[in-house]
>>> print(open('protein08.tsv').read())   # TSV, C-alpha atoms (C1' of nucleotides)
chain	number	residue	atom	x	y	z
A	1	MET	CA	-53.11	-123.41	-25.12
A	2	LEU	CA	-50.04	-125.61	-25.18
A	3	ASN	CA	-48.10	-126.34	-28.36
A	4	LEU	CA	-47.07	-129.85	-29.37
A	5	LYS	CA	-43.67	-129.61	-27.67
A	6	GLN	CA	-45.27	-128.56	-24.40
A	7	ILE	CA	-47.85	-131.32	-24.59
A	8	GLU	CA	-45.10	-133.88	-25.18
A	9	TYR	CA	-43.22	-132.45	-22.20
A	10	CYS	CA	-46.32	-132.78	-19.99
A	11	LEU	CA	-46.96	-136.37	-21.01
A	12	GLU	CA	-43.32	-137.26	-20.40
A	13	LYS	CA	-43.39	-135.78	-16.89
A	14	ILE	CA	-46.71	-137.49	-16.13
A	15	GLY	CA	-45.17	-140.72	-17.40
A	16	ASP	CA	-42.33	-140.26	-14.92
A	17	MET	CA	-44.85	-139.80	-12.11
A	18	PHE	CA	-46.99	-142.81	-13.06
A	19	PRO	CA	-44.91	-145.22	-15.15
A	20	HIS	CA	-47.05	-148.25	-14.31
A	21	ALA	CA	-50.52	-146.78	-14.85
A	22	GLU	CA	-53.06	-149.41	-15.86
A	23	CYS	CA	-56.70	-150.34	-15.50
A	24	GLU	CA	-57.66	-150.58	-11.82
A	25	LEU	CA	-61.01	-152.28	-12.36
A	26	VAL	CA	-60.51	-155.87	-11.24
A	27	HIS	CA	-61.63	-158.36	-13.92
A	28	SER	CA	-60.57	-161.71	-15.35
A	29	ASN	CA	-62.17	-161.67	-18.82
A	30	PRO	CA	-63.75	-159.23	-21.32
A	31	PHE	CA	-67.28	-159.81	-20.06
A	32	GLU	CA	-66.34	-158.99	-16.48
A	33	LEU	CA	-64.63	-155.86	-17.76
A	34	VAL	CA	-67.78	-154.74	-19.58
A	35	VAL	CA	-69.81	-155.21	-16.41
A	36	ALA	CA	-67.22	-153.47	-14.23
A	37	VAL	CA	-66.92	-150.45	-16.50
A	38	ALA	CA	-70.70	-150.19	-16.87
A	39	LEU	CA	-70.95	-150.18	-13.07
A	40	SER	CA	-68.22	-147.56	-12.71
A	41	ALA	CA	-70.21	-144.60	-14.00
A	42	GLN	CA	-70.16	-141.79	-11.40
A	43	CYS	CA	-68.55	-144.11	-8.87
A	44	THR	CA	-64.99	-144.80	-7.69
A	45	ASP	CA	-63.04	-147.84	-8.90
A	46	ALA	CA	-62.45	-148.85	-5.28
A	47	LEU	CA	-66.19	-149.11	-4.69
A	48	VAL	CA	-66.76	-151.04	-7.92
A	49	ASN	CA	-64.05	-153.52	-6.97
A	50	ARG	CA	-65.59	-153.99	-3.54
A	51	VAL	CA	-68.90	-154.95	-5.14
A	52	THR	CA	-67.57	-157.03	-8.05
A	53	LYS	CA	-65.47	-159.11	-5.68
A	54	THR	CA	-68.61	-160.92	-4.55
A	55	LEU	CA	-70.68	-160.14	-7.67
A	56	PHE	CA	-68.32	-162.05	-9.97
A	57	GLU	CA	-68.47	-165.09	-7.71
A	58	LYS	CA	-72.25	-165.20	-8.03
A	59	TYR	CA	-72.53	-164.18	-11.72
A	60	LYS	CA	-70.03	-165.82	-14.07
A	61	ARG	CA	-71.75	-165.75	-17.45
A	62	PRO	CA	-74.34	-163.51	-19.15
A	63	GLU	CA	-76.94	-166.23	-18.49
A	64	ASP	CA	-76.41	-165.86	-14.74
A	65	TYR	CA	-77.51	-162.21	-14.75
A	66	LEU	CA	-80.70	-163.19	-16.57
A	67	ALA	CA	-81.46	-166.01	-14.15
A	68	VAL	CA	-82.35	-163.73	-11.24
A	69	PRO	CA	-85.15	-161.15	-10.81
A	70	LEU	CA	-84.17	-157.56	-11.58
A	71	GLU	CA	-84.75	-156.63	-7.95
A	72	GLU	CA	-82.18	-159.17	-6.79
A	73	LEU	CA	-79.50	-157.79	-9.10
A	74	GLN	CA	-80.40	-154.28	-7.97
A	75	GLN	CA	-79.73	-155.26	-4.36
A	76	ASP	CA	-76.46	-156.93	-5.29
A	77	ILE	CA	-75.11	-153.67	-6.73
A	78	ARG	CA	-77.04	-151.16	-4.62
A	79	SER	CA	-74.00	-149.64	-2.89
A	80	ILE	CA	-72.64	-148.51	-6.27
A	81	GLY	CA	-75.34	-145.88	-6.80
A	82	LEU	CA	-77.47	-145.41	-9.95
A	83	TYR	CA	-78.25	-149.05	-9.31
A	84	ARG	CA	-81.67	-149.23	-10.99
A	85	ASN	CA	-80.33	-148.08	-14.37
A	86	LYS	CA	-77.19	-150.18	-14.04
A	87	ALA	CA	-79.03	-153.39	-13.11
A	88	LYS	CA	-81.42	-152.99	-16.02
A	89	ASN	CA	-78.54	-152.28	-18.41
A	90	ILE	CA	-76.57	-155.33	-17.30
A	91	GLN	CA	-79.51	-157.65	-17.84
A	92	LYS	CA	-80.25	-156.18	-21.29
A	93	LEU	CA	-76.60	-156.21	-22.25
A	94	SER	CA	-76.30	-159.82	-21.15
A	95	LYS	CA	-79.31	-160.74	-23.28
A	96	MET	CA	-77.83	-158.96	-26.30
A	97	ILE	CA	-74.43	-160.62	-25.90
A	98	ILE	CA	-76.14	-164.02	-25.89
A	99	GLU	CA	-78.61	-163.38	-28.71
A	100	ASP	CA	-76.69	-161.03	-31.00
A	101	TYR	CA	-73.04	-161.91	-30.36
A	102	GLY	CA	-73.04	-165.64	-29.68
A	103	GLY	CA	-72.24	-165.21	-26.00
A	104	GLU	CA	-68.98	-163.35	-26.65
A	105	VAL	CA	-68.22	-159.68	-26.03
A	106	PRO	CA	-67.88	-157.96	-29.43
A	107	LYS	CA	-64.38	-156.67	-30.13
A	108	ASP	CA	-65.51	-153.78	-32.28
A	109	ARG	CA	-66.15	-150.44	-30.62
A	110	ASP	CA	-69.12	-149.59	-32.82
A	111	GLU	CA	-70.76	-152.87	-31.79
A	112	LEU	CA	-69.95	-152.34	-28.10
A	113	VAL	CA	-71.67	-148.96	-28.17
A	114	LYS	CA	-74.91	-150.68	-29.15
A	115	LEU	CA	-75.00	-152.35	-25.73
A	116	PRO	CA	-77.17	-150.51	-23.20
A	117	GLY	CA	-75.13	-148.64	-20.60
A	118	VAL	CA	-72.09	-148.73	-22.88
A	119	GLY	CA	-71.21	-145.36	-24.39
A	120	ARG	CA	-68.12	-144.26	-26.27
A	121	LYS	CA	-65.99	-143.95	-23.14
A	122	THR	CA	-66.84	-147.43	-21.84
A	123	ALA	CA	-66.37	-148.97	-25.29
A	124	ASN	CA	-62.94	-147.36	-25.57
A	125	VAL	CA	-61.92	-148.83	-22.22
A	126	VAL	CA	-63.05	-152.31	-23.28
A	127	VAL	CA	-61.32	-152.38	-26.68
A	128	SER	CA	-58.19	-150.89	-25.18
A	129	VAL	CA	-57.89	-152.98	-22.01
A	130	ALA	CA	-59.49	-156.26	-23.10
A	131	PHE	CA	-58.48	-156.41	-26.76
A	132	GLY	CA	-55.34	-154.29	-27.03
A	133	VAL	CA	-56.81	-151.87	-29.54
A	134	PRO	CA	-55.36	-148.34	-29.35
A	135	ALA	CA	-57.95	-145.98	-27.83
A	136	ILE	CA	-58.24	-142.97	-25.55
A	137	ALA	CA	-61.21	-143.16	-23.21
A	138	VAL	CA	-62.05	-139.67	-22.01
A	139	ASP	CA	-63.49	-139.91	-18.51
A	140	THR	CA	-63.84	-137.16	-15.90
A	141	HIS	CA	-60.11	-137.28	-15.07
A	142	VAL	CA	-58.81	-137.16	-18.63
A	143	GLU	CA	-61.19	-134.32	-19.43
A	144	ARG	CA	-60.28	-132.27	-16.34
A	145	VAL	CA	-56.53	-132.73	-16.71
A	146	SER	CA	-56.55	-131.94	-20.44
A	147	LYS	CA	-58.50	-128.76	-19.82
A	148	ARG	CA	-56.51	-127.58	-16.80
A	149	LEU	CA	-53.17	-128.05	-18.53
A	150	GLY	CA	-54.36	-126.45	-21.74
A	151	ILE	CA	-54.06	-129.49	-23.98
A	152	CYS	CA	-57.55	-128.63	-25.19
A	153	ARG	CA	-60.08	-125.81	-24.72
A	154	TRP	CA	-62.39	-125.47	-21.74
A	155	LYS	CA	-65.49	-125.61	-23.89
A	156	ASP	CA	-64.48	-128.75	-25.78
A	157	SER	CA	-66.82	-131.75	-25.62
A	158	VAL	CA	-65.41	-135.09	-24.48
A	159	LEU	CA	-65.35	-136.19	-28.12
A	160	GLU	CA	-63.30	-133.13	-29.06
A	161	VAL	CA	-60.92	-133.86	-26.17
A	162	GLU	CA	-60.50	-137.41	-27.47
A	163	LYS	CA	-59.85	-136.19	-31.03
A	164	THR	CA	-57.26	-133.68	-29.83
A	165	LEU	CA	-55.40	-136.29	-27.81
A	166	MET	CA	-55.48	-138.77	-30.70
A	167	LYS	CA	-53.99	-136.09	-32.94
A	168	LYS	CA	-51.24	-135.07	-30.51
A	169	VAL	CA	-50.23	-138.54	-29.30
A	170	PRO	CA	-48.78	-141.30	-31.51
A	171	LYS	CA	-51.26	-144.14	-31.92
A	172	GLU	CA	-49.02	-146.74	-30.28
A	173	ASP	CA	-49.02	-144.60	-27.12
A	174	TRP	CA	-52.77	-143.95	-26.91
A	175	SER	CA	-53.55	-146.61	-24.34
A	176	VAL	CA	-50.60	-145.94	-22.03
A	177	THR	CA	-51.11	-142.20	-22.22
A	178	HIS	CA	-54.79	-142.58	-21.47
A	179	HIS	CA	-54.05	-144.57	-18.30
A	180	ARG	CA	-51.33	-142.18	-17.20
A	181	LEU	CA	-53.66	-139.20	-17.58
A	182	ILE	CA	-56.22	-141.01	-15.45
A	183	PHE	CA	-53.70	-141.71	-12.69
A	184	PHE	CA	-52.43	-138.14	-12.84
A	185	GLY	CA	-56.00	-136.86	-12.47
A	186	ARG	CA	-57.01	-139.37	-9.83
A	187	TYR	CA	-53.99	-139.13	-7.53
A	188	HIS	CA	-52.33	-135.80	-8.25
A	189	CYS	CA	-54.36	-133.27	-10.26
A	190	LYS	CA	-57.45	-134.07	-8.20
A	191	ALA	CA	-60.75	-132.31	-8.75
A	192	GLN	CA	-61.11	-130.78	-5.29
A	193	SER	CA	-57.53	-130.34	-4.07
A	194	PRO	CA	-54.96	-130.58	-6.86
A	195	ARG	CA	-51.40	-130.84	-5.51
A	196	CYS	CA	-50.10	-127.85	-7.43
A	197	ALA	CA	-47.27	-127.16	-4.95
A	198	GLU	CA	-45.63	-130.50	-5.78
A	199	CYS	CA	-46.45	-130.49	-9.48
A	200	PRO	CA	-43.63	-130.57	-12.06
A	201	LEU	CA	-45.99	-128.98	-14.57
A	202	LEU	CA	-46.97	-125.95	-12.48
A	203	SER	CA	-44.89	-123.47	-14.50
A	204	LEU	CA	-46.71	-124.22	-17.75
A	205	CYS	CA	-50.14	-125.06	-16.29
A	206	ARG	CA	-52.66	-122.29	-16.91
A	207	GLU	CA	-54.93	-123.56	-14.13
A	208	GLY	CA	-52.02	-123.88	-11.70
A	209	GLN	CA	-51.30	-120.16	-12.08
A	210	LYS	CA	-54.75	-119.44	-10.71
A	211	ARG	CA	-54.22	-121.53	-7.59
A	212	ASP	CA	-52.25	-121.18	-4.37
A	213	LYS	CA	-49.88	-123.69	-2.77
A	214	LYS	CA	-52.77	-125.78	-1.49
A	215	GLY	CA	-54.29	-125.96	-4.93
A	216	LEU	CA	-57.14	-123.68	-3.94
A	217	VAL	CA	-58.36	-121.03	-6.36
A	218	LYS	CA	-56.91	-117.63	-5.45
A	219	ARG	CA	-59.33	-114.86	-4.58
B	1	DC	C1'	-80.36	-130.15	-20.59
B	2	DT	C1'	-82.04	-133.47	-16.63
B	3	DC	C1'	-82.18	-137.66	-14.26
B	4	DC	C1'	-80.19	-141.53	-12.10
B	5	DC	C1'	-77.85	-142.38	-6.65
B	6	DG	C1'	-74.84	-144.39	-2.77
B	7	DA	C1'	-70.19	-143.78	-0.65
B	8	DT	C1'	-66.54	-140.92	0.43
B	9	DA	C1'	-63.55	-136.76	0.78
B	10	DT	C1'	-63.35	-132.06	1.80
C	1	DA	C1'	-73.36	-129.47	3.90
C	2	DT	C1'	-71.42	-130.01	-0.54
C	3	DA	C1'	-68.47	-131.92	-4.32
C	4	DT	C1'	-67.01	-135.77	-6.65
C	5	DC	C1'	-66.67	-140.41	-8.44
C	6	DA	C1'	-63.26	-144.45	-15.02
C	7	DG	C1'	-71.22	-141.84	-17.73
C	8	DG	C1'	-75.15	-142.90	-20.33
C	9	DA	C1'	-79.86	-142.32	-21.85
C	10	DG	C1'	-84.03	-139.71	-22.74
>>> encode(input="protein08.tsv", output="structure tokens")
Amino acid sequence: MLNLKQIEYCLEKIGDMFPHAECELVHSNPFELVVAVALSAQCTDALVNRVTKTLFEKYKRPEDYLAVPLEELQQDIRSIGLYRNKAKNIQKLSKMIIEDYGGEVPKDRDELVKLPGVGRKTANVVVSVAFGVPAIAVDTHVERVSKRLGICRWKDSVLEVEKTLMKKVPKEDWSVTHHRLIFFGRYHCKAQSPRCAECPLLSLCREGQKRDKKGLVKR
DNA sequence: CTCCCGATAT
DNA sequence: ATATCAGGAG
């Protein structure tokens, strides 16, 4: 496990690698962001953006998602995967935003979580990106990177990973750090072939010690 | 824990 | 062929 100094060193180096890390889900208002993040579960941002490019031309407001049959919305997002659950969630969430929140996306995370298809991770992304509230959304990348480096323990739940990061990182840096960890995981410390040979953190990375130059686990 | 699921990289 | 992708719900 890394101590605070080592964690700060890691985050500084990652910041050098990805100084401009930010949300890559294309959106132009909070409602579009909610939809985009809800669609992004177990799917790449690139694929979500490909679909929302046309989706957001057809569906502007929550009412628009309720104006079509479920099957039509399913087809419109089919290439995303998990499309039956996601289509149902988006219609229900649209209905709730109209009926319970006056047509506006709630700015409170505990309210966002009440929306179907919106869990803690998605809610953290929305408050952070759309409303500027400090938050650390722990997705697959943040979890993997934190565990490989030794910022947290392998057995930790995503909630425990989030708590650890919130404790180790100053609150004003939560959102930037969160995006930098995502970029580091997405483009460098990748799940299948991490680029350990060109990693400035190799010497203190416990997972890196177990891997060869190609980032493959040694036998 | 399982299920949902198509697209893409390896 | 298999692993992975800005997870969430039952």
>>> closest_atom_pairs(input="protein08.tsv", of="chain A", to="chain C", cutoff="9 Å", atoms="all atoms listed in the file", output="CSV")
residue,atom,partner,partner_atom,distance
A:Cys23,CA,C:DA6,C1',8.8
A:Glu24,CA,C:DA6,C1',8.9
A:Leu25,CA,C:DA6,C1',8.6
A:Val37,CA,C:DA6,C1',7.2
A:Ala38,CA,C:DG7,C1',8.4
A:Ser40,CA,C:DA6,C1',6.3
A:Ala41,CA,C:DG7,C1',4.7
A:Gln42,CA,C:DC5,C1',4.8
A:Cys43,CA,C:DC5,C1',4.2
A:Thr44,CA,C:DC5,C1',4.8
A:Asp45,CA,C:DA6,C1',7.0
A:Pro116,CA,C:DG8,C1',8.4
A:Gly117,CA,C:DG8,C1',5.7
A:Val118,CA,C:DG8,C1',7.1
A:Gly119,CA,C:DG8,C1',6.2
A:Lys121,CA,C:DG7,C1',7.8
A:Thr122,CA,C:DG7,C1',8.2
A:Val125,CA,C:DA6,C1',8.5
A:Ala137,CA,C:DA6,C1',8.5
A:Val138,CA,C:DA6,C1',8.6
A:Asp139,CA,C:DA6,C1',5.7
A:Thr140,CA,C:DA6,C1',7.4
A:His141,CA,C:DA6,C1',7.8
A:Ile182,CA,C:DA6,C1',7.8
A:Ala191,CA,C:DT4,C1',7.5
A:Gln192,CA,C:DA3,C1',7.5
>>> atom_distance(input="protein08.tsv", atom1="CA of Ser128 in chain A", atom2="CA of Ser175 in chain A")
6.4 Å
>>> atom_distance(input="protein08.tsv", atom1="CA of Ile90 in chain A", atom2="CA of Ala46 in chain A")
19.6 Å
>>> interface_residues(input="protein08.tsv", of="chain B", to="chain A", cutoff="7 Å", atoms="all atoms listed in the file", output="PyMOL selection string")
chain B and resi 4-6
>>> atom_distance(input="protein08.tsv", atom1="CA of Lys167 in chain A", atom2="CA of Ala123 in chain A")
19.4 Å
>>> closest_atom_pairs(input="protein08.tsv", of="range 125-149 of chain A", to="range 198-206 of chain A", cutoff="12 Å", atoms="all atoms listed in the file", output="CSV")
residue,atom,partner,partner_atom,distance
A:Val145,CA,A:Cys205,CA,10.0
A:Ser146,CA,A:Cys205,CA,10.3
A:Lys147,CA,A:Arg206,CA,9.2
A:Arg148,CA,A:Arg206,CA,6.5
A:Leu149,CA,A:Cys205,CA,4.8
>>> residues_around(input="protein08.tsv", residues="Leu4 in chain A", least_positions_apart="4", cutoff="12 Å", atoms="only C-alpha atoms (C1' of nucleotides)", output="VMD selection string")
chain A and resid 8 to 11 150 to 152 164 to 165 167 to 170
>>> axis_aligned_box(input="protein08.tsv", around="range 4-7 of chain C", padding_each_side="8 Å", output="AutoDock Vina command-line options")
--center_x -67.2 --center_y -140.1 --center_z -12.2 --size_x 24.0 --size_y 24.7 --size_z 27.1
